[in-house]
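Trainee: This is the structure I have questions about; it appears just below.
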Amino acid sequence: MRRGLRAFALLAGVAGGLLATAPLSAHEALSLEDEFVKGVFSPAFTPPAAGSYELPAVKRVPGVVLKDLAGRPVSTRHVTAGKVAVVSFIYTTCPERLGCPLASLALQELQAKLKDEGLSRHAMLLSISFDPVRDTPGQLAKYARIYGADPRLWRFMTAPSERALDHVLDSYGQDRAAVYDEQGRFTGRYRHVLKVFLVDPAGYIRNVYSAGFLVPDLVLNDIKTVLGESAPREVVRR
Amino acid sequence: MHSGDLKTRLLRVLVAVILAVIGGLVGSAAADETCQSPFLPKVTGQEDYIYVWTLGVKGVADGNDSIVTVDANPKSASSGKIIHRAPVTGRHEAHHAGFTDDRRFLWAGGLDTSQIFIFDVGSNPAQPRLVKKISTFVKDTGGLVGPHTFYALPGRMLISALSNAQDSSGRTGLAEYSNDGKFIRTIWMPKEAPYGYDVRVNVNLNRMLTSSFSGKKNYMRPFGDLVKDAEAMKQFGDSVIVWDFHARKPLQILRVPGAPLELRWALLPNHHYAFTSTALTGKLVLIHQQEDGKWAAKDIADIGATIPVDISIAPDDSKVYVNTFMDGTLRVYDVSNPFEGKLIEQVKLGEMANMVSSSWDGTRVYATNSLLSQWDKPGDYWLKGYAWEGGKLVAKFTTDFNPAGRAHIMNFGSKVFGPKAARPAPSGERVSAYAAPR
């Protein structure tokens with residue numbers, strides 16, 4: 001799969017290079033940018049062994065009631081109770097090479113690794129949409145199918161309102177800003193830093209990943225590290 | 001995992017990406033300070049602002065340390081001028097500052113009082129606003145003193161310190177805080193190399209470097225007295241530590257005599273090396289990974305007895321900029337061959353010089369001249385902007401800081417990171433933010 005990610009980056013980079021119409025100086029910088037992009041997709045390290053390091057709590061996140069793919073209200077705590085959760089924020093029309101598509105590809109690979117390692121009952125993936133208007137449960141379901149999400153292991157949710165979404169974004173510390181065109185019209189795009197959160201069974205964020213460090217083997221080792229702690233933190237009551 | 005399914009899925013995503021590219025999302029040259037954390041989104045296009053963390057001077061303005069905003073956009077009517085000043089209360093030995101991972105907040109530290117000030121730069125990028133103060137750094141961290149480098153990690157700030165509360169020596173460590181300002185942990189330097197100064201991460205290699213300086217009893221002492229005290233002059237660090245970044249564990253200690261200061265990783269993914277400069281021995285030093293995977297340090301240029309302070313790297317790794325304090329000079333070294341630094345350009349900035357920052361497109365360079373309140377020489381304080389033209393660095397503007405204080409570190413700002421993308425997106429400009437690779 002790592003080779004697949006590299007191919008993705010290279011092809012996307014080539015597409016960007018071929019289609020750029022910027023002046024020479026900008027074109028040169030664009031080529032350089034694509035070199036950087038390739039680096040993001042090709043981390044050159046073996047993650048440290050699970051359990052050989054600590055992951056201190058960054059902060060605690062509250063549960064929130066969102067909508068599942070059937071449009072039913074569901075508490076995130078109910079979904080993640082007793083498990084290590086890998087929580088990402090995405091929207092299905094995100095066009096950024098290093099944004100949501102990268103996160104979802106990495107989570108797809110992580111899902112396969114969790115199955116291979118027999119961790120399906122102890123961990124889960126949760127992707128929450130930035131765009132509660134356009135990412136209806138039906139739209140999210142299509143997206144989930146594209147990425148081969150197994151509903152037993154990888155859940156998708158959308159917020160019932162902007163207010164509910166703002167609450168969950170604030171609690172995680174995830175930025176999001178709508179992007180407008182020159183006439184002040186919403187472009188359908190959101191500016192955001194890619195972040196994926198590792199949340200322990202007690203609701204504490206134990207690590208945060210962004211482009212360049214969202215490496216499935218590394219996340220897997222972090223999950224094992226948290227699961228292997230001899231003195232687990234308090235379990236959140238549902 | 002079925003490879004056929006995978007190919008189909010990848011193809012679908014690729015089509016989406018290519019369509020997005022056709023839609024004009026890939027565009028103009030990137031521009032930003034090249035040495036920021038790799039976890040920060042890059043600014044695209046011309047930087048709009050330079051935030052300068054400025055030492056307060058008694059009798060100047062209100063006498064307080066402040067974040068001073070300079071308009072950096074040459075198309076603006078106020079280009080090169082101070083357009084805003086956000087003071088804190090008191091003088092704290094303003095030194096370094098750094099953005100959180102989403103660029104919404106700028107953290108700034110005082111080396112004397114160990115206070116940390118958090119400015120909101122997202123709500124109105126032209127007018128940073130002080131929103132929080134951390135006064136418990138020493139207590140939180142179990143005795144770290146002198147917060148120096150503020151380095152964005154996803155959801156967290158990594159802070160290197162210079163000293164400790166027990167003996168004010170250079171024994172120190174690293175601290176982590178959440179973006180909310182909550183203390184997470186302290187990582188003390190190993191006993192074999194107890195000093196600290198800068199910290200920089202290479203995400204592609206999962207490696208972190210730390211460098212070494214001196215304790216509070218030295219950096220808060222008048223420079224003239226310090227250099228005459230032979231014993232005190234021995235109390236400077238001589239190491240660069242290579243860490244497993246993810247595990248936060250030291251892997252290797254490199255001996256780099258003479259107080260290696262700022263660390264700058266090469267930026268291209270296949271360039272497995274970094275640079276530093278030594279304040280007391282005047283060397284430009286390469287930190288490189290050998291074929292056996294071990295790291296080594298090598299002097300690659302003799303800068304001279306001028307106290308090299310800040311360094312900056314060109315975005316294509318071709319050049320390293322070096323500011324030297326004593327003679328107020330900006331030197332540029334060609335490091336296309338990283339094992340040999342060749343001096344290719346030299347600009348006299350003034351009577352002294354400190355920080356230097358290259359833009360991400362490699363065409364602009366900025367410099368300031370205050371180092372430490374007890375070490376600075378009397379004289380003018382400024383921010384200067386230069387641009388490469390015809391193979392030479394040409395002066396573009398000088399911002400007079402004498403009415404505001406002493407100009408120290410620079411951080412680049414952009415309207416793009418304002419609330420709800422306050423600046424409409426010109427066609428062809430990439431507007432989404434993502435973390436840069438390194």
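As shown in the structure tokens, the chain order sets the letters A, B, ...; within each chain, residues go from 1, and ligands are also counted from 1 in the order they appear.
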What's around Val332 of chain B at 7 Å? Count only C-alpha atoms, leave out sequence neighbours fewer than 5 positions away in its own chain, and write the answer as a ChimeraX atom specification.
Mentor: /B:319-322,343-346
Trainee: Produce a table with one row for each residue of chain A that has an atom at most 6 Å from any atom of chain B, each row naming the nearest atom pair and its distance in Å at one decimal; use only C-alpha atoms; arrange rows by chain and rising residue number; format as a Markdown table.
Mentor:
```
| residue | atom | partner | partner_atom | distance |
| --- | --- | --- | --- | --- |
| A:Ala26 | CA | B:Ala29 | CA | 4.4 |
| A:Ala29 | CA | B:Ala29 | CA | 5.2 |
| A:Phe36 | CA | B:Pro437 | CA | 5.8 |
| A:Gly39 | CA | B:Pro269 | CA | 4.7 |
| A:Val40 | CA | B:Pro437 | CA | 5.3 |
| A:Pro43 | CA | B:Asn204 | CA | 4.3 |
| A:Ala44 | CA | B:Leu205 | CA | 5.2 |
| A:Phe45 | CA | B:Leu205 | CA | 5.2 |
| A:Tyr53 | CA | B:Ala247 | CA | 5.1 |
| A:Val58 | CA | B:Ser178 | CA | 5.8 |
| A:Pro95 | CA | B:Ala20 | CA | 5.5 |
| A:Ala177 | CA | B:Lys420 | CA | 4.6 |
| A:Ala178 | CA | B:Lys420 | CA | 5.2 |
| A:Val179 | CA | B:Ala421 | CA | 5.5 |
| A:Tyr180 | CA | B:Pro424 | CA | 5.9 |
| A:Asp181 | CA | B:Pro424 | CA | 5.3 |
| A:Glu182 | CA | B:Pro424 | CA | 4.8 |
| A:Arg191 | CA | B:Ser432 | CA | 4.4 |
| A:His192 | CA | B:Ala433 | CA | 5.4 |
| A:Val193 | CA | B:Tyr434 | CA | 4.7 |
| A:Leu194 | CA | B:Tyr434 | CA | 6.0 |
| A:Val208 | CA | B:Pro154 | CA | 5.5 |
| A:Ala211 | CA | B:Ala435 | CA | 5.7 |
| A:Gly212 | CA | B:Pro437 | CA | 5.9 |
```
Trainee: Which of these, B:Gln252, B:Ser359, B:Thr276, B:Asn64, has the shortest distance to Gln289 of chain B once you count only C-alpha atoms?
Mentor: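 Among the listed residues, B:Gln252 lies closest to Gln289 of chain B.
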Trainee: If we count only C-alpha atoms and set the cut-off at 7 Å, which residues sit around segment 253-266 of chain B, ignoring sequence neighbours fewer than 5 positions away in its own chain? Please answer as JSON, numbers by chain.
Mentor: {"B": [35, 197, 198, 199, 200, 202, 211, 212, 213, 236, 237, 238, 239, 240, 241, 242, 271, 273, 274, 275, 276, 277, 278, 279, 280, 281, 296, 297, 309, 310, 311, 312, 313, 317]}
Trainee: Export, as a PDB file, in the first residue's frame, the selected residues with C-alpha atoms.
Mentor:
```pdb
ATOM      1  CA  CYS B  35      12.549  27.168   8.904  1.00  0.00           C
ATOM      2  CA  TYR B 197      18.806  25.736  22.758  1.00  0.00           C
ATOM      3  CA  ASP B 198      16.977  25.031  19.488  1.00  0.00           C
ATOM      4  CA  VAL B 199      14.782  22.064  18.484  1.00  0.00           C
ATOM      5  CA  ARG B 200      13.805  20.977  14.949  1.00  0.00           C
ATOM      6  CA  ASN B 202      12.461  16.018  10.336  1.00  0.00           C
ATOM      7  CA  SER B 211      21.414  22.159  20.121  1.00  0.00           C
ATOM      8  CA  SER B 212      23.055  23.807  23.117  1.00  0.00           C
ATOM      9  CA  PHE B 213      23.788  27.262  24.494  1.00  0.00           C
ATOM     10  CA  PHE B 236      28.506  26.803  27.119  1.00  0.00           C
ATOM     11  CA  GLY B 237      27.185  23.701  25.400  1.00  0.00           C
ATOM     12  CA  ASP B 238      29.137  21.651  22.888  1.00  0.00           C
ATOM     13  CA  SER B 239      26.602  19.141  21.630  1.00  0.00           C
ATOM     14  CA  VAL B 240      23.862  18.402  19.139  1.00  0.00           C
ATOM     15  CA  ILE B 241      21.572  15.558  20.131  1.00  0.00           C
ATOM     16  CA  VAL B 242      19.832  13.302  17.610  1.00  0.00           C
ATOM     17  CA  HIS B 271      18.391  15.365   1.769  1.00  0.00           C
ATOM     18  CA  TYR B 273      21.118  16.520   6.716  1.00  0.00           C
ATOM     19  CA  ALA B 274      20.877  19.735   8.687  1.00  0.00           C
ATOM     20  CA  PHE B 275      22.994  22.793   9.416  1.00  0.00           C
ATOM     21  CA  THR B 276      23.938  24.709  12.522  1.00  0.00           C
ATOM     22  CA  SER B 277      26.497  27.392  13.377  1.00  0.00           C
ATOM     23  CA  THR B 278      28.673  27.684  16.444  1.00  0.00           C
ATOM     24  CA  ALA B 279      28.597  31.023  18.272  1.00  0.00           C
ATOM     25  CA  LEU B 280      31.951  30.750  20.028  1.00  0.00           C
ATOM     26  CA  THR B 281      34.049  29.037  17.360  1.00  0.00           C
ATOM     27  CA  ALA B 296      28.001  12.897  12.211  1.00  0.00           C
ATOM     28  CA  ALA B 297      28.992  16.574  12.449  1.00  0.00           C
ATOM     29  CA  VAL B 309      23.751  33.793  15.453  1.00  0.00           C
ATOM     30  CA  ASP B 310      20.698  33.005  13.312  1.00  0.00           C
ATOM     31  CA  ILE B 311      20.847  30.972  10.109  1.00  0.00           C
ATOM     32  CA  SER B 312      18.197  30.308   7.454  1.00  0.00           C
ATOM     33  CA  ILE B 313      18.038  27.883   4.530  1.00  0.00           C
ATOM     34  CA  ASP B 317      18.667  23.625  -0.019  1.00  0.00           C
TER      35      ASP B 317
END
```
Trainee: In Å, with one decimal, what is the gap from atom CA of Val138 of chain B to atom CA of Ala165 of chain B?
Mentor: 7.2 Å
Trainee: Which residue gives the smallest distance to Leu110 of chain A among A:Ala57, A:Leu227, A:Val215, A:Val74, with only C-alpha atoms counted?
Mentor: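 Comparing A:Ala57, A:Leu227, A:Val215, A:Val74 against Leu110 of chain A, the winner is A:Val215.
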Trainee: Can you tell me, as a PyMOL selection string, what residues are no more than 8 Å from Gln108 of chain A when counting only C-alpha atoms, ignoring any on the same chain fewer than 3 positions away?
Mentor: chain A and resi 104-105+111-112+147-149
Trainee: May I have the selected residues written with C-alpha atoms, as a PDB file, in the first residue's frame?
Mentor:
```
ATOM      1  CA  SER A 104      -8.814   8.413   4.090  1.00  0.00           C
ATOM      2  CA  LEU A 105      -6.223   6.421   2.150  1.00  0.00           C
ATOM      3  CA  GLN A 111      -8.232  -0.642   8.749  1.00  0.00           C
ATOM      4  CA  ALA A 112      -6.592  -3.555   6.928  1.00  0.00           C
ATOM      5  CA  TYR A 147     -12.665   3.723   0.631  1.00  0.00           C
ATOM      6  CA  GLY A 148     -13.876   0.231   1.474  1.00  0.00           C
ATOM      7  CA  ALA A 149     -14.907   1.135   5.010  1.00  0.00           C
TER       8      ALA A 149
END
```
Trainee: Please, what distance in Å, to one decimal, runs between atom CA of Ile50 of chain B and atom CA of Thr149 of chain B?
Mentor: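 According to the coordinates, atom CA of Ile50 of chain B and atom CA of Thr149 of chain B are separated by 17.6 Å.
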Trainee: Hey, what does DSSP flag as helix (DSSP H, G or I) within segment 75-158 of chain A? Can you give it to me as JSON, numbers by chain?
Mentor: {"A": [76, 77, 78, 79, 80, 100, 101, 102, 103, 104, 105, 106, 107, 108, 109, 110, 111, 112, 113, 114, 115, 116, 137, 138, 139, 140, 141, 142, 143, 144, 145, 146]}
Trainee: From a DSSP calculation on the backbone, collect every residue of segment 18-223 of chain A in strand (DSSP E) and output the set as a ChimeraX atom specification.
Mentor: /A:59-60,65-67,73-75,84-90,123-129,154-157,177-180,186-191,196-199,204-209
Trainee: Please, could you write that set of residues out with C-alpha atoms as a tab-separated table (two decimals), in the first residue's frame?
Mentor:
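selection_13.tsv, freshly written:
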```tsv
chain	number	residue	atom	x	y	z
A	59	LYS	CA	-6.52	16.76	26.44
A	60	ARG	CA	-9.85	15.12	27.08
A	65	VAL	CA	-24.35	13.33	19.52
A	66	LEU	CA	-23.99	13.13	15.73
A	67	LYS	CA	-25.82	11.38	12.89
A	73	PRO	CA	-28.62	10.24	16.30
A	74	VAL	CA	-25.67	8.44	17.87
A	75	SER	CA	-23.31	9.42	20.67
A	84	VAL	CA	-9.07	3.12	21.11
A	85	ALA	CA	-10.55	5.43	18.48
A	86	VAL	CA	-8.82	7.03	15.51
A	87	VAL	CA	-10.90	10.13	14.83
A	88	SER	CA	-10.56	12.15	11.64
A	89	PHE	CA	-12.37	15.17	10.25
A	90	ILE	CA	-12.95	15.11	6.50
A	123	ALA	CA	-9.96	-0.24	18.07
A	124	MET	CA	-12.08	1.65	15.60
A	125	LEU	CA	-11.97	4.46	13.10
A	126	LEU	CA	-14.39	7.37	13.16
A	127	SER	CA	-14.57	9.96	10.38
A	128	ILE	CA	-16.65	13.08	11.02
A	129	SER	CA	-17.66	15.44	8.20
A	154	TRP	CA	-14.81	2.28	10.39
A	155	ARG	CA	-17.79	4.53	11.09
A	156	PHE	CA	-18.74	7.80	9.40
A	157	MET	CA	-20.82	10.52	11.01
A	177	ALA	CA	-12.78	27.96	7.69
A	178	ALA	CA	-15.10	28.24	4.71
A	179	VAL	CA	-13.40	29.59	1.59
A	180	TYR	CA	-15.13	32.29	-0.44
A	186	PHE	CA	-18.91	30.12	-0.73
A	187	THR	CA	-16.71	27.97	-2.96
A	188	GLY	CA	-17.71	24.68	-1.36
A	189	ARG	CA	-14.20	24.31	0.00
A	190	TYR	CA	-12.92	24.46	3.55
A	191	ARG	CA	-9.48	25.46	4.71
A	196	VAL	CA	-6.18	12.73	12.90
A	197	PHE	CA	-6.65	12.09	16.61
A	198	LEU	CA	-5.87	8.99	18.65
A	199	VAL	CA	-8.39	8.83	21.51
A	204	TYR	CA	-8.21	11.40	26.21
A	205	ILE	CA	-6.41	12.45	23.05
A	206	ARG	CA	-3.11	10.59	23.16
A	207	ASN	CA	-1.64	11.63	19.84
A	208	VAL	CA	-2.40	13.84	16.86
A	209	TYR	CA	-1.20	13.11	13.32
```
Trainee: Might you pull out every residue within 12 Å of Gly173 of chain B, with only C-alpha atoms counted and same-chain residues fewer than 4 positions away left off, and present them as an MDAnalysis selection string?
Mentor: chainID B and resid 138 141:149 158:165 169 185:191 193:199 210:213 215 241 248 250
Trainee: Looking at only C-alpha atoms, which of A:Leu214, A:Ala106, A:Ala49, A:Val61 is the one that sits closest to Asp170 of chain A?
Mentor: A:Val61
Trainee: Leaving out Ala387 of chain B and any residue of its chain fewer than 5 positions from it, which residues lie within 6 Å of it when counting only C-alpha atoms, given as a list of chain:residue names?
Mentor: B:Thr363, B:Arg364, B:Leu393, B:Val394
